[in-house]
$ cat final.cif   # mmCIF, C-alpha atoms
data_target
loop_
_atom_site.label_atom_id
_atom_site.label_comp_id
_atom_site.auth_asym_id
_atom_site.auth_seq_id
_atom_site.Cartn_x
_atom_site.Cartn_y
_atom_site.Cartn_z
CA MET A 1 -18.11 2.56 -10.15
CA THR A 2 -16.23 3.23 -13.33
CA ASP A 3 -19.06 5.22 -14.93
CA ILE A 4 -18.96 8.01 -12.34
CA GLU A 5 -17.83 11.42 -13.53
CA ARG A 6 -14.77 12.49 -11.58
CA ALA A 7 -12.90 15.74 -11.19
CA SER A 8 -9.28 15.71 -12.31
CA MET A 9 -6.20 17.72 -11.39
CA ASP A 10 -2.68 17.77 -12.80
CA ALA A 11 0.57 17.77 -10.82
CA ASP A 12 4.21 17.17 -11.68
CA ILE A 13 4.84 14.58 -8.95
CA VAL A 14 2.21 12.88 -6.82
CA CYS A 15 3.20 10.85 -3.74
CA VAL A 16 1.27 8.23 -1.78
CA GLY A 17 1.81 7.84 1.96
CA PHE A 18 3.92 9.92 4.33
CA GLY A 19 6.40 7.97 6.43
CA PRO A 20 10.19 7.98 6.82
CA ALA A 21 10.69 6.95 3.17
CA MET A 22 8.56 9.77 1.81
CA GLY A 23 10.09 12.16 4.31
CA GLY A 24 13.57 11.36 3.03
CA PHE A 25 12.51 11.65 -0.60
CA LEU A 26 10.64 14.95 -0.22
CA THR A 27 13.40 16.46 1.93
CA THR A 28 15.97 15.73 -0.79
CA LEU A 29 13.61 16.71 -3.60
CA THR A 30 12.59 20.09 -2.21
CA ARG A 31 16.19 21.06 -1.52
CA GLY A 32 17.14 20.25 -5.09
CA LEU A 33 14.36 22.38 -6.56
CA VAL A 34 15.99 25.65 -5.47
CA ALA A 35 19.46 27.13 -5.90
CA GLU A 36 21.60 28.32 -2.99
CA ASP A 37 20.14 31.81 -3.35
CA GLY A 38 16.60 30.41 -3.08
CA SER A 39 15.68 30.86 -6.73
CA PRO A 40 13.89 27.94 -8.45
CA VAL A 41 16.00 25.75 -10.73
CA ALA A 42 13.07 23.96 -12.39
CA GLU A 43 9.71 24.95 -13.77
CA SER A 44 6.43 23.13 -13.52
CA LYS A 45 5.18 21.52 -16.73
CA VAL A 46 1.56 21.70 -15.57
CA MET A 47 1.78 25.25 -14.20
CA PRO A 48 4.35 27.20 -16.26
CA GLY A 49 6.15 29.95 -14.39
CA MET A 50 5.81 28.13 -11.07
CA PRO A 51 8.06 25.58 -9.32
CA PRO A 52 7.18 21.91 -9.91
CA GLN A 53 3.89 20.98 -8.27
CA VAL A 54 4.55 18.20 -5.74
CA ILE A 55 1.64 16.75 -3.73
CA CYS A 56 1.69 13.98 -1.12
CA TYR A 57 -1.47 12.26 0.13
CA GLU A 58 -1.47 10.48 3.50
CA ARG A 59 -4.22 8.14 4.71
CA ALA A 60 -3.82 8.87 8.45
CA ASP A 61 -5.55 11.84 10.06
CA ASP A 62 -2.20 13.45 10.84
CA THR A 63 1.42 13.03 9.75
CA GLY A 64 2.30 12.47 13.41
CA PHE A 65 0.07 9.41 13.71
CA GLY A 66 2.11 6.51 15.07
CA VAL A 67 2.30 4.24 18.09
CA SER A 68 5.87 3.14 18.60
CA GLY A 69 9.29 4.53 19.27
CA VAL A 70 12.29 3.46 17.22
CA VAL A 71 16.05 3.28 17.54
CA SER A 72 18.30 4.02 14.60
CA LYS A 73 21.88 4.88 13.77
CA ALA A 74 20.19 7.47 11.55
CA ARG A 75 22.99 7.59 8.98
CA GLY A 76 20.67 8.66 6.21
CA ILE A 77 18.79 11.09 8.44
CA THR A 78 21.95 12.80 9.68
CA ALA A 79 23.20 12.97 6.09
CA SER A 80 20.06 14.96 5.26
CA PHE A 81 20.30 17.02 8.47
CA PRO A 82 24.05 17.33 9.29
CA ASP A 83 23.28 19.61 12.26
CA PHE A 84 20.44 17.41 13.53
CA ASP A 85 19.71 18.14 17.18
CA PRO A 86 17.37 15.63 18.88
CA ALA A 87 16.18 18.44 21.16
CA GLN A 88 14.34 19.87 18.13
CA VAL A 89 12.10 16.78 17.97
CA PRO A 90 9.77 15.89 20.84
CA LEU A 91 10.57 12.49 22.40
CA ALA A 92 13.98 12.19 20.71
CA ALA A 93 17.34 11.55 22.40
CA LYS A 94 20.79 10.12 21.77
CA VAL A 95 21.45 6.47 22.60
CA THR A 96 23.27 6.51 25.95
CA GLN A 97 23.32 2.83 26.94
CA GLU A 98 22.69 -0.42 25.08
CA LYS A 99 22.31 -4.05 26.15
CA VAL A 100 21.53 -7.44 24.63
CA VAL A 101 19.84 -9.85 27.04
CA TYR A 102 18.96 -13.52 26.82
CA LEU A 103 15.66 -14.14 28.63
CA LEU A 104 15.06 -17.49 30.30
CA ASP A 105 11.54 -18.91 30.53
CA PRO A 106 10.35 -18.15 34.09
CA ARG A 107 7.08 -20.06 33.69
CA GLY A 108 7.97 -23.05 31.55
CA VAL A 109 5.36 -22.25 28.90
CA SER A 110 7.50 -21.54 25.84
CA ARG A 111 8.08 -24.18 23.18
CA ARG A 112 11.74 -24.96 23.90
CA GLN A 113 13.52 -28.00 22.58
CA GLY A 114 15.05 -30.40 25.09
CA VAL A 115 18.61 -29.28 24.36
CA LEU A 116 17.73 -25.64 24.96
CA ARG A 117 15.91 -26.46 28.20
CA PHE A 118 19.04 -28.30 29.37
CA LYS A 119 21.17 -25.26 28.55
CA ASP A 120 18.72 -23.03 30.43
CA THR A 121 19.08 -25.29 33.48
CA ILE A 122 22.86 -24.85 33.39
CA VAL A 123 22.51 -21.07 33.04
CA ARG A 124 20.19 -20.94 36.07
CA ALA A 125 22.66 -22.99 38.10
CA LEU A 126 25.50 -20.65 37.14
CA GLY A 127 23.37 -17.53 37.50
CA PRO A 128 24.85 -16.32 40.81
CA LEU A 129 28.35 -16.72 39.38
CA LEU A 130 27.66 -14.76 36.21
CA PRO A 131 28.53 -11.04 36.34
CA SER A 132 25.15 -10.05 34.89
CA GLY A 133 22.86 -12.96 35.79
CA GLY A 134 19.62 -12.75 37.77
CA ASP A 135 15.92 -12.10 37.23
CA GLU A 136 15.75 -15.10 34.87
CA ALA A 137 18.01 -13.31 32.38
CA VAL A 138 21.63 -13.06 31.30
CA GLU A 139 23.17 -9.89 29.87
CA LEU A 140 25.54 -10.63 27.01
CA PRO A 141 29.07 -9.24 27.37
CA TYR A 142 29.00 -7.89 23.81
CA ILE A 143 26.58 -6.49 21.24
CA PRO A 144 26.59 -8.02 17.73
CA PRO A 145 27.63 -5.34 15.21
CA PHE A 146 24.40 -5.64 13.21
CA LEU A 147 22.36 -4.82 16.34
CA ARG A 148 24.50 -2.03 17.76
CA LYS A 149 22.79 1.34 17.43
CA GLU A 150 25.29 3.44 19.34
CA PRO A 151 25.94 6.17 18.27
CA GLY A 152 22.36 6.72 17.24
CA TYR A 153 19.01 8.04 18.39
CA VAL A 154 15.79 6.87 20.00
CA PHE A 155 12.67 8.76 18.99
CA SER A 156 8.93 8.61 18.50
CA ILE A 157 8.27 7.85 14.84
CA GLY A 158 5.07 9.91 14.97
CA GLN A 159 6.77 12.98 16.41
CA PHE A 160 9.68 12.61 13.99
CA ASN A 161 7.37 12.37 10.97
CA GLN A 162 5.52 15.46 12.15
CA TRP A 163 8.79 17.39 12.52
CA VAL A 164 9.98 16.32 9.05
CA SER A 165 6.63 17.22 7.45
CA SER A 166 6.81 20.70 9.00
CA GLN A 167 10.29 21.18 7.49
CA ILE A 168 9.03 20.11 4.06
CA MET A 169 5.84 22.17 4.17
CA GLY A 170 7.83 25.16 5.42
CA SER A 171 9.88 25.11 2.23
CA GLY A 172 6.73 25.88 0.22
CA LEU A 173 7.85 23.39 -2.45
CA ALA A 174 5.65 20.41 -1.56
CA GLN A 175 2.14 19.94 -0.21
CA ILE A 176 1.28 17.19 2.28
CA TRP A 177 -2.39 16.36 2.71
CA PRO A 178 -3.27 14.05 5.65
CA ALA A 179 -6.68 12.36 5.94
CA MET A 180 -6.70 11.95 2.15
CA PRO A 181 -6.55 8.20 1.39
CA VAL A 182 -5.60 7.08 -2.11
CA ALA A 183 -7.65 4.20 -3.52
CA SER A 184 -5.46 3.09 -6.41
CA ALA A 185 -2.93 4.01 -9.05
CA LEU A 186 -4.20 5.11 -12.45
CA LEU A 187 -2.96 2.77 -15.18
CA GLU A 188 -3.12 3.40 -18.90
CA ASP A 189 -1.61 0.72 -21.15
CA GLY A 190 0.73 -0.42 -18.38
CA LYS A 191 1.86 3.12 -17.56
CA VAL A 192 1.11 4.77 -14.20
CA VAL A 193 -0.30 8.22 -14.93
CA GLY A 194 -1.33 9.24 -11.41
CA VAL A 195 -3.63 8.16 -8.57
CA ARG A 196 -7.30 8.13 -7.69
CA LEU A 197 -8.37 9.38 -4.28
CA ALA A 198 -10.78 7.23 -2.28
CA ASP A 199 -14.51 7.82 -2.66
CA GLN A 200 -16.16 9.45 0.36
CA GLY A 201 -19.64 8.72 1.71
CA VAL A 202 -19.94 5.03 0.80
CA ASP A 203 -21.23 2.04 2.74
CA LYS A 204 -19.21 -1.04 3.71
CA LYS A 205 -19.63 -2.49 0.23
CA GLY A 206 -18.55 0.71 -1.50
CA ASN A 207 -22.04 1.72 -2.63
CA PRO A 208 -22.80 5.47 -2.67
CA GLU A 209 -24.83 6.93 0.19
CA ALA A 210 -26.48 10.34 0.57
CA SER A 211 -23.19 12.08 1.33
CA PHE A 212 -21.31 10.44 -1.56
CA MET A 213 -18.42 12.34 -3.11
CA PRO A 214 -16.32 10.62 -5.79
CA GLY A 215 -12.57 10.61 -5.37
CA MET A 216 -10.60 12.94 -7.60
CA ASP A 217 -8.10 11.73 -10.21
CA ILE A 218 -4.64 13.27 -9.77
CA LYS A 219 -2.58 13.04 -12.96
CA ALA A 220 1.24 13.31 -12.79
CA ALA A 221 4.34 12.45 -14.81
CA LEU A 222 5.78 10.63 -11.79
CA THR A 223 3.95 8.75 -9.04
CA VAL A 224 6.02 7.85 -5.97
CA ILE A 225 4.41 5.10 -3.89
CA GLY A 226 5.40 4.71 -0.25
CA ASP A 227 2.23 3.46 1.43
CA GLY A 228 3.84 0.74 3.53
CA PRO A 229 4.14 -3.04 3.26
CA VAL A 230 0.40 -3.68 2.88
CA GLY A 231 -0.73 -0.36 1.40
CA PRO A 232 -3.63 -0.68 -1.07
CA VAL A 233 -1.90 1.29 -3.83
CA GLY A 234 1.32 -0.72 -3.73
CA ARG A 235 -0.51 -4.03 -3.43
CA GLY A 236 -2.81 -3.07 -6.28
CA LEU A 237 0.18 -2.25 -8.45
CA ASP A 238 1.74 -5.64 -7.59
CA ALA A 239 -1.47 -7.35 -8.65
CA ALA A 240 -1.61 -5.44 -11.94
CA LEU A 241 2.08 -5.65 -12.93
CA GLY A 242 3.22 -8.74 -11.03
CA LEU A 243 6.47 -9.16 -9.11
CA PRO A 244 9.87 -9.59 -10.80
CA PRO A 245 10.57 -13.22 -11.80
CA GLY A 246 11.48 -15.36 -8.80
CA ASN A 247 10.29 -12.86 -6.18
CA PHE A 248 7.53 -13.48 -3.66
CA GLN A 249 5.82 -11.76 -0.72
CA TYR A 250 4.49 -14.39 1.63
CA ASP A 251 6.93 -14.09 4.55
CA TRP A 252 5.51 -11.68 7.10
CA ALA A 253 6.57 -10.87 10.65
CA LEU A 254 4.26 -9.29 13.19
CA GLY A 255 5.41 -6.40 15.32
CA MET A 256 3.53 -5.94 18.61
CA LYS A 257 4.36 -2.72 20.43
CA MET A 258 3.37 -0.62 23.40
CA VAL A 259 4.15 2.85 24.75
CA VAL A 260 4.17 3.30 28.54
CA ASP A 261 4.89 5.95 31.14
CA LEU A 262 7.56 4.45 33.38
CA PRO A 263 6.92 4.31 37.14
CA GLU A 264 8.79 6.60 39.51
CA HIS A 265 11.01 3.83 40.85
CA CYS A 266 12.37 2.93 37.38
CA ASP A 267 16.03 3.90 37.11
CA LEU A 268 16.54 3.25 33.38
CA PRO A 269 18.27 6.30 31.86
CA GLU A 270 17.00 8.34 28.93
CA GLY A 271 18.40 6.87 25.72
CA PHE A 272 18.60 3.31 27.10
CA VAL A 273 18.22 0.59 24.44
CA LEU A 274 17.49 -3.06 25.20
CA HIS A 275 17.48 -5.96 22.73
CA THR A 276 16.18 -9.33 23.95
CA PHE A 277 15.81 -12.88 22.66
CA GLY A 278 14.84 -16.26 24.13
CA TYR A 279 11.40 -15.40 25.55
CA PRO A 280 8.38 -15.57 25.19
CA GLU A 281 9.64 -17.99 22.50
CA PRO A 282 13.24 -18.69 21.43
CA ASP A 283 12.39 -17.27 17.98
CA ILE A 284 10.88 -14.00 19.25
CA PHE A 285 13.01 -10.87 19.55
CA GLY A 286 12.07 -8.05 21.91
CA PHE A 287 13.03 -4.43 22.46
CA LEU A 288 12.68 -1.58 24.93
CA TYR A 289 13.73 2.02 24.29
CA VAL A 290 13.60 4.82 26.86
CA LEU A 291 12.54 8.15 25.39
CA PRO A 292 12.66 11.57 27.08
CA GLY A 293 10.07 12.30 29.77
CA ARG A 294 10.23 8.80 31.29
CA VAL A 295 8.39 7.33 28.32
CA ALA A 296 9.31 3.86 27.07
CA SER A 297 8.52 2.04 23.85
CA LEU A 298 8.65 -1.75 24.04
CA GLY A 299 7.52 -4.67 21.96
CA ILE A 300 8.29 -7.92 20.17
CA PHE A 301 8.84 -9.22 16.64
CA VAL A 302 6.99 -12.47 15.94
CA PRO A 303 8.64 -14.07 12.88
CA SER A 304 6.77 -15.65 10.01
CA TRP A 305 8.10 -19.14 10.71
CA LEU A 306 6.57 -19.23 14.21
CA ARG A 307 3.30 -21.18 14.05
CA ALA A 308 1.29 -21.01 17.27
CA PRO A 309 -2.48 -21.29 16.62
CA VAL A 310 -3.34 -21.17 20.36
CA ARG A 311 -1.32 -18.05 21.17
CA THR A 312 -1.82 -14.58 19.76
CA GLY A 313 0.73 -11.83 19.28
CA TYR A 314 -1.00 -9.84 22.02
CA ARG A 315 -0.61 -12.73 24.48
CA TYR A 316 3.06 -12.98 23.59
CA LEU A 317 3.40 -9.25 24.27
CA GLN A 318 1.82 -9.73 27.72
CA HIS A 319 4.23 -12.58 28.48
CA PHE A 320 7.16 -10.43 27.35
CA LEU A 321 6.46 -7.35 29.45
CA THR A 322 5.73 -9.40 32.61
CA HIS A 323 9.09 -11.21 32.46
CA PRO A 324 10.87 -10.53 35.78
CA TYR A 325 13.79 -8.77 34.08
CA LEU A 326 11.39 -6.25 32.49
CA TRP A 327 8.56 -6.19 35.01
CA LYS A 328 10.79 -4.79 37.76
CA HIS A 329 11.09 -1.65 35.62
CA LEU A 330 7.50 -1.56 34.33
CA LYS A 331 5.37 -2.50 37.35
CA GLY A 332 3.33 0.51 38.39
CA GLY A 333 3.68 2.21 35.00
CA ARG A 334 0.82 3.41 32.80
CA MET A 335 0.11 2.27 29.25
CA ARG A 336 -0.34 5.08 26.75
CA SER A 337 -1.10 3.07 23.63
CA TRP A 338 -0.45 -0.24 21.93
CA GLY A 339 -0.72 -1.57 18.40
CA ALA A 340 0.56 -3.99 15.79
CA LYS A 341 2.42 -3.76 12.51
CA SER A 342 3.10 -6.02 9.55
CA LEU A 343 6.74 -6.45 8.52
CA LEU A 344 7.73 -7.89 5.16
CA GLU A 345 10.39 -10.50 5.89
CA SER A 346 11.11 -11.57 2.32
CA GLY A 347 13.88 -8.97 1.95
CA ARG A 348 15.50 -8.95 -1.49
CA ARG A 349 13.22 -11.76 -2.64
CA GLY A 350 10.21 -9.63 -1.71
CA GLU A 351 11.16 -6.60 -3.77
CA PRO A 352 8.38 -5.54 -6.15
CA ARG A 353 9.07 -3.70 -9.40
CA LEU A 354 10.95 -0.77 -7.91
CA ALA A 355 10.45 1.47 -10.93
CA GLY A 356 8.53 1.43 -14.17
CA ASP A 357 6.81 3.67 -16.65
CA GLY A 358 5.59 6.62 -14.58
CA PHE A 359 6.23 5.29 -11.06
CA ALA A 360 8.78 4.49 -8.36
CA ARG A 361 8.39 2.44 -5.15
CA ILE A 362 10.03 3.40 -1.86
CA GLY A 363 9.99 2.39 1.79
CA GLU A 364 8.78 -0.85 3.31
CA GLY A 365 6.55 -1.61 0.36
CA SER A 366 9.67 -1.70 -1.82
CA GLY A 367 11.30 -4.43 0.28
CA SER A 368 13.78 -2.11 1.98
CA THR A 369 13.25 -3.41 5.52
CA ASN A 370 15.93 -5.57 7.11
CA VAL A 371 14.06 -7.16 10.03
CA LEU A 372 17.19 -8.67 11.58
CA THR A 373 19.10 -5.40 11.93
CA GLY A 374 16.13 -3.41 13.22
CA SER A 375 17.09 -0.47 11.01
CA GLY A 376 13.94 -0.09 8.93
CA VAL A 377 13.53 3.66 9.47
CA ASP A 378 16.94 4.61 8.10
CA GLU A 379 16.63 2.13 5.24
CA ALA A 380 13.26 3.60 4.33
CA TRP A 381 14.62 7.15 4.55
CA THR A 382 17.32 6.40 1.98
CA SER A 383 15.32 4.04 -0.28
CA LEU A 384 14.75 6.64 -3.04
CA ARG A 385 17.02 9.38 -1.75
CA ARG A 386 19.96 7.23 -2.92
CA ALA A 387 18.43 6.69 -6.34
CA SER A 388 18.06 10.34 -7.16
CA PRO A 389 21.16 12.43 -6.34
CA SER A 390 19.65 15.21 -8.46
CA PRO A 391 16.01 15.46 -7.36
CA ARG A 392 14.94 17.78 -10.17
CA LYS A 393 15.70 14.92 -12.58
CA THR A 394 13.61 12.48 -10.56
CA SER A 395 10.85 12.33 -13.18
CA THR A 396 13.24 10.89 -15.75
CA PRO A 397 15.36 7.98 -14.43
CA PRO A 398 12.73 6.00 -12.46
CA THR A 399 10.12 6.28 -15.21
CA SER A 400 12.16 4.57 -17.91
CA PRO A 401 13.04 0.87 -18.04
CA ASP A 402 16.73 1.74 -18.22
CA GLY A 403 16.38 3.77 -15.04
CA ALA A 404 15.17 0.89 -12.88
CA PRO A 405 18.64 -0.52 -12.09
CA ARG A 406 19.58 2.83 -10.59
CA LEU A 407 17.21 2.00 -7.74
CA TRP A 408 18.81 -1.40 -7.19
CA THR A 409 22.51 -0.48 -7.39
CA PRO A 410 22.68 2.13 -4.58
CA ARG A 411 20.62 -0.12 -2.29
CA ARG A 412 22.93 -3.08 -2.92
CA ALA A 413 25.93 -0.86 -2.11
CA SER A 414 24.48 0.56 1.11
CA PRO A 415 26.27 -0.28 4.37
CA LYS A 416 22.98 -1.58 5.81
CA ASN A 417 22.68 -4.08 2.99
CA ARG A 418 26.26 -5.27 3.47
CA ALA A 419 25.35 -6.05 7.08
CA THR A 420 22.54 -8.36 6.04
CA ASP A 421 24.65 -11.48 5.55
CA LEU A 422 26.32 -10.89 8.92
CA ALA A 423 22.90 -10.43 10.52
CA TRP A 424 21.62 -13.74 9.17
CA ALA A 425 24.69 -15.61 10.42
CA SER A 426 24.71 -13.88 13.80
CA SER A 427 20.97 -14.40 14.36
CA LYS A 428 21.42 -18.16 14.14
CA ALA A 429 24.12 -17.97 16.79
CA CYS A 430 22.00 -15.72 19.01
CA THR A 431 18.89 -17.93 18.92
CA ALA A 432 21.05 -20.94 19.80
CA TRP A 433 22.81 -19.19 22.72
CA PRO A 434 23.48 -20.20 25.42
#
$ encode --input "final.cif" --output "structure tokens"
Amino acid sequence: MTDIERASMDADIVCVGFGPAMGGFLTTLTRGLVAEDGSPVAESKVMPGMPPQVICYERADDTGFGVSGVVSKARGITASFPDFDPAQVPLAAKVTQEKVVYLLDPRGVSRRQGVLRFKDTIVRALGPLLPSGGDEAVELPYIPPFLRKEPGYVFSIGQFNQWVSSQIMGSGLAQIWPAMPVASALLEDGKVVGVRLADQGVDKKGNPEASFMPGMDIKAALTVIGDGPVGPVGRGLDAALGLPPGNFQYDWALGMKMVVDLPEHCDLPEGFVLHTFGYPEPDIFGFLYVLPGRVASLGIFVPSWLRAPVRTGYRYLQHFLTHPYLWKHLKGGRMRSWGAKSLLESGRRGEPRLAGDGFARIGEGSGSTNVLTGSGVDEAWTSLRRASPSPRKTSTPPTSPDGAPRLWTPRRASPKNRATDLAWASSKACTAWP
């Protein structure tokens, strides 16, 4: 529908998607747009006499939309909020206890190699002698450094996003519009000049109906794209510009997750963090986090290399939560919600063009996620915050070809990235243990 007349609006910076990455960027940006006395330090080019016009469009109906809880060391978050108090955010608490547990197969249905089955037999025989054996599980005596989240926080990602968005909106320096999906980036001769909002009132094939309203074009000097690993704007940009030479995006993990109200008999403390491996398949990693109010978030990561055409991620999730080690805490509880999430596993090799003429990419869609360390939220939060120490200059470095390396260098130097090699080596040891 290229021949449709569309309304147009100008802004200085337009953002796509509101998650931890965009929250980190907008928090840093809005603080840099004013001096210590509150006076503006920059002027809008599209609205002279006013502060820069910054608009963020989010597809979900609310910035607090989200299913799962997360655990994070929150280094980037606490750098942005030095006096961060988890009591300010609903369903947030400090990590108080952390365990790594190897789960045996209580039903004999997982695809274990003969050597691993033999090892499991030995572990069962020694179970009563082990200090933390029982319930078809063994608690490890240590936590690999790349997994350890203490000191850190557990929190609901939806509640955290809502709290961050209220801080940003309260500054009066950025607008966040939920329920406003963006259809695509606007490209002119290879340059991103803004975004086009999705058409409203169309049928399944995109044809106009009686209530049709064409999406508006939002023009801006800088477009910041953070719409997730499979967001339509980021994927469309990848299709138009291609990935950097040698990079690819065909390794995907599946995250299955659930939020439950714990039963009265459950004695797991608030802030408890559990990492598991070994079941429902040796390659599948699991988690359980206890949030305030006796609410728990639990789930599994199904890696891309696991091929099981007869078993779905949802079935694996059912197997996981009914394992005796977990079920003793969950039986009698009530499910609040459940869902699934795509996770880009390609890492560095999956990075798209992080910056170009008129745009910058942040968050999961920029390849920031390190699946093995389970620290995606903090990595997303700092993915563009690191690249722009002076937010009021943000429209210059990422938009020029020479500015692109500035997005790579800080990420390569981050402590989370330095842990990647250790995570890969340790994960091989973990999946082979015992």
$ closest_residue --input "final.cif" --among "A:Ser342, A:Ser44, A:Ser39, A:Ser211" --to "Thr369 (chain A)" --atoms "all atoms listed in the file"
A:Ser342
$ resolve_selection --input "final.cif" --expression "the PyMOL selection byres ((chain A and resi 156) around 6)" --output "number ranges by chain"
A: 69, 91, 155, 157-159
$ resolve_selection --input "final.cif" --expression "the PyMOL selection byres ((chain A and resi 270-280) around 8)" --output "ChimeraX atom specification"
/A:71,93-105,110,153-154,268-269,281-292,294,316,319-320,430-431
$ residues_around --input "final.cif" --residues "region 12-17 of chain A" --least-positions-apart "4" --cutoff "7 Å" --atoms "only C-alpha atoms" --output "list in words"
Ser44, Lys45, Val46, Pro52, Gln53, Val54, Ile55, Cys56, Tyr57, Glu58, Arg59, Val182, Gly194, Ala220, Ala221, Leu222, Thr223, Val224, Ile225, Gly226 and Asp227 of chain A
$ atom_distance --input "final.cif" --atom1 "CA of Leu147 (chain A)" --atom2 "CA of Thr28 (chain A)"
27.5 Å
$ closest_residue --input "final.cif" --among "A:Ser346, A:Ser72, A:Thr382, A:Thr373" --to "Pro144 (chain A)" --atoms "only C-alpha atoms"
A:Thr373
$ closest_residue --input "final.cif" --among "A:Ala87, A:Met335, A:Ala355, A:Ala7" --to "Ser383 (chain A)" --atoms "all atoms listed in the file"
A:Ala355
$ axis_aligned_box --input "final.cif" --around "region 155-164 of chain A" --padding-each-side "4 Å" --output "lines of an AutoDock Vina configuration file"
center_x = 8.9
center_y = 12.6
center_z = 14.0
size_x = 15.6
size_y = 17.5
size_z = 17.9
$ closest_residue --input "final.cif" --among "A:Gly201, A:Gly172, A:Gly76, A:Gly367" --to "Arg348 (chain A)" --atoms "only C-alpha atoms"
A:Gly367
$ closest_residue --input "final.cif" --among "A:Met216, A:Ile143, A:Ala360, A:Ala21" --to "Val195 (chain A)" --atoms "only C-alpha atoms"
A:Met216
$ resolve_selection --input "final.cif" --expression "the PyMOL selection byres ((chain A and resi 161) around 10)" --output "list in words"
Phe18, Gly19, Pro20, Met22, Gly23, Asp62, Thr63, Gly64, Phe65, Gly66, Val89, Ser156, Ile157, Gly158, Gln159, Phe160, Gln162, Trp163, Val164, Ser165, Ser166 and Gln167 of chain A
$ closest_residue --input "final.cif" --among "A:Leu126, A:Leu241, A:Ile218, A:Met213" --to "Arg196 (chain A)" --atoms "all atoms listed in the file"
A:Ile218
$ build_atoms --input "final.cif" --residues "region 257-270 of chain A" --atoms "N, CA and C atoms" --output "PDB file, in the coordinates of the input"
ATOM      1  N   LYS A 257       3.637  -3.782  19.737  1.00  0.00           N
ATOM      2  CA  LYS A 257       4.360  -2.720  20.430  1.00  0.00           C
ATOM      3  C   LYS A 257       3.462  -1.973  21.388  1.00  0.00           C
ATOM      4  N   MET A 258       4.094  -1.323  22.344  1.00  0.00           N
ATOM      5  CA  MET A 258       3.370  -0.620  23.400  1.00  0.00           C
ATOM      6  C   MET A 258       4.186   0.585  23.838  1.00  0.00           C
ATOM      7  N   VAL A 259       3.503   1.654  24.204  1.00  0.00           N
ATOM      8  CA  VAL A 259       4.150   2.850  24.750  1.00  0.00           C
ATOM      9  C   VAL A 259       3.643   3.040  26.176  1.00  0.00           C
ATOM     10  N   VAL A 260       4.559   3.191  27.134  1.00  0.00           N
ATOM     11  CA  VAL A 260       4.170   3.300  28.540  1.00  0.00           C
ATOM     12  C   VAL A 260       4.884   4.469  29.206  1.00  0.00           C
ATOM     13  N   ASP A 261       4.246   5.001  30.230  1.00  0.00           N
ATOM     14  CA  ASP A 261       4.890   5.950  31.140  1.00  0.00           C
ATOM     15  C   ASP A 261       5.538   5.128  32.246  1.00  0.00           C
ATOM     16  N   LEU A 262       6.845   5.239  32.396  1.00  0.00           N
ATOM     17  CA  LEU A 262       7.560   4.450  33.380  1.00  0.00           C
ATOM     18  C   LEU A 262       7.227   4.887  34.804  1.00  0.00           C
ATOM     19  N   PRO A 263       7.208   3.949  35.744  1.00  0.00           N
ATOM     20  CA  PRO A 263       6.920   4.310  37.140  1.00  0.00           C
ATOM     21  C   PRO A 263       8.072   5.110  37.758  1.00  0.00           C
ATOM     22  N   GLU A 264       7.806   5.742  38.874  1.00  0.00           N
ATOM     23  CA  GLU A 264       8.790   6.600  39.510  1.00  0.00           C
ATOM     24  C   GLU A 264      10.038   5.843  39.947  1.00  0.00           C
ATOM     25  N   HIS A 265       9.869   4.583  40.329  1.00  0.00           N
ATOM     26  CA  HIS A 265      11.010   3.830  40.850  1.00  0.00           C
ATOM     27  C   HIS A 265      11.947   3.323  39.746  1.00  0.00           C
ATOM     28  N   CYS A 266      11.545   3.427  38.477  1.00  0.00           N
ATOM     29  CA  CYS A 266      12.370   2.930  37.380  1.00  0.00           C
ATOM     30  C   CYS A 266      13.613   3.797  37.220  1.00  0.00           C
ATOM     31  N   ASP A 267      14.780   3.149  37.190  1.00  0.00           N
ATOM     32  CA  ASP A 267      16.030   3.900  37.110  1.00  0.00           C
ATOM     33  C   ASP A 267      16.695   3.795  35.736  1.00  0.00           C
ATOM     34  N   LEU A 268      15.967   3.326  34.726  1.00  0.00           N
ATOM     35  CA  LEU A 268      16.540   3.250  33.380  1.00  0.00           C
ATOM     36  C   LEU A 268      16.776   4.662  32.843  1.00  0.00           C
ATOM     37  N   PRO A 269      17.967   4.932  32.319  1.00  0.00           N
ATOM     38  CA  PRO A 269      18.270   6.300  31.860  1.00  0.00           C
ATOM     39  C   PRO A 269      17.635   6.612  30.509  1.00  0.00           C
ATOM     40  N   GLU A 270      17.464   7.886  30.243  1.00  0.00           N
ATOM     41  CA  GLU A 270      17.000   8.340  28.930  1.00  0.00           C
ATOM     42  C   GLU A 270      18.006   7.918  27.870  1.00  0.00           C
TER      43      GLU A 270
END
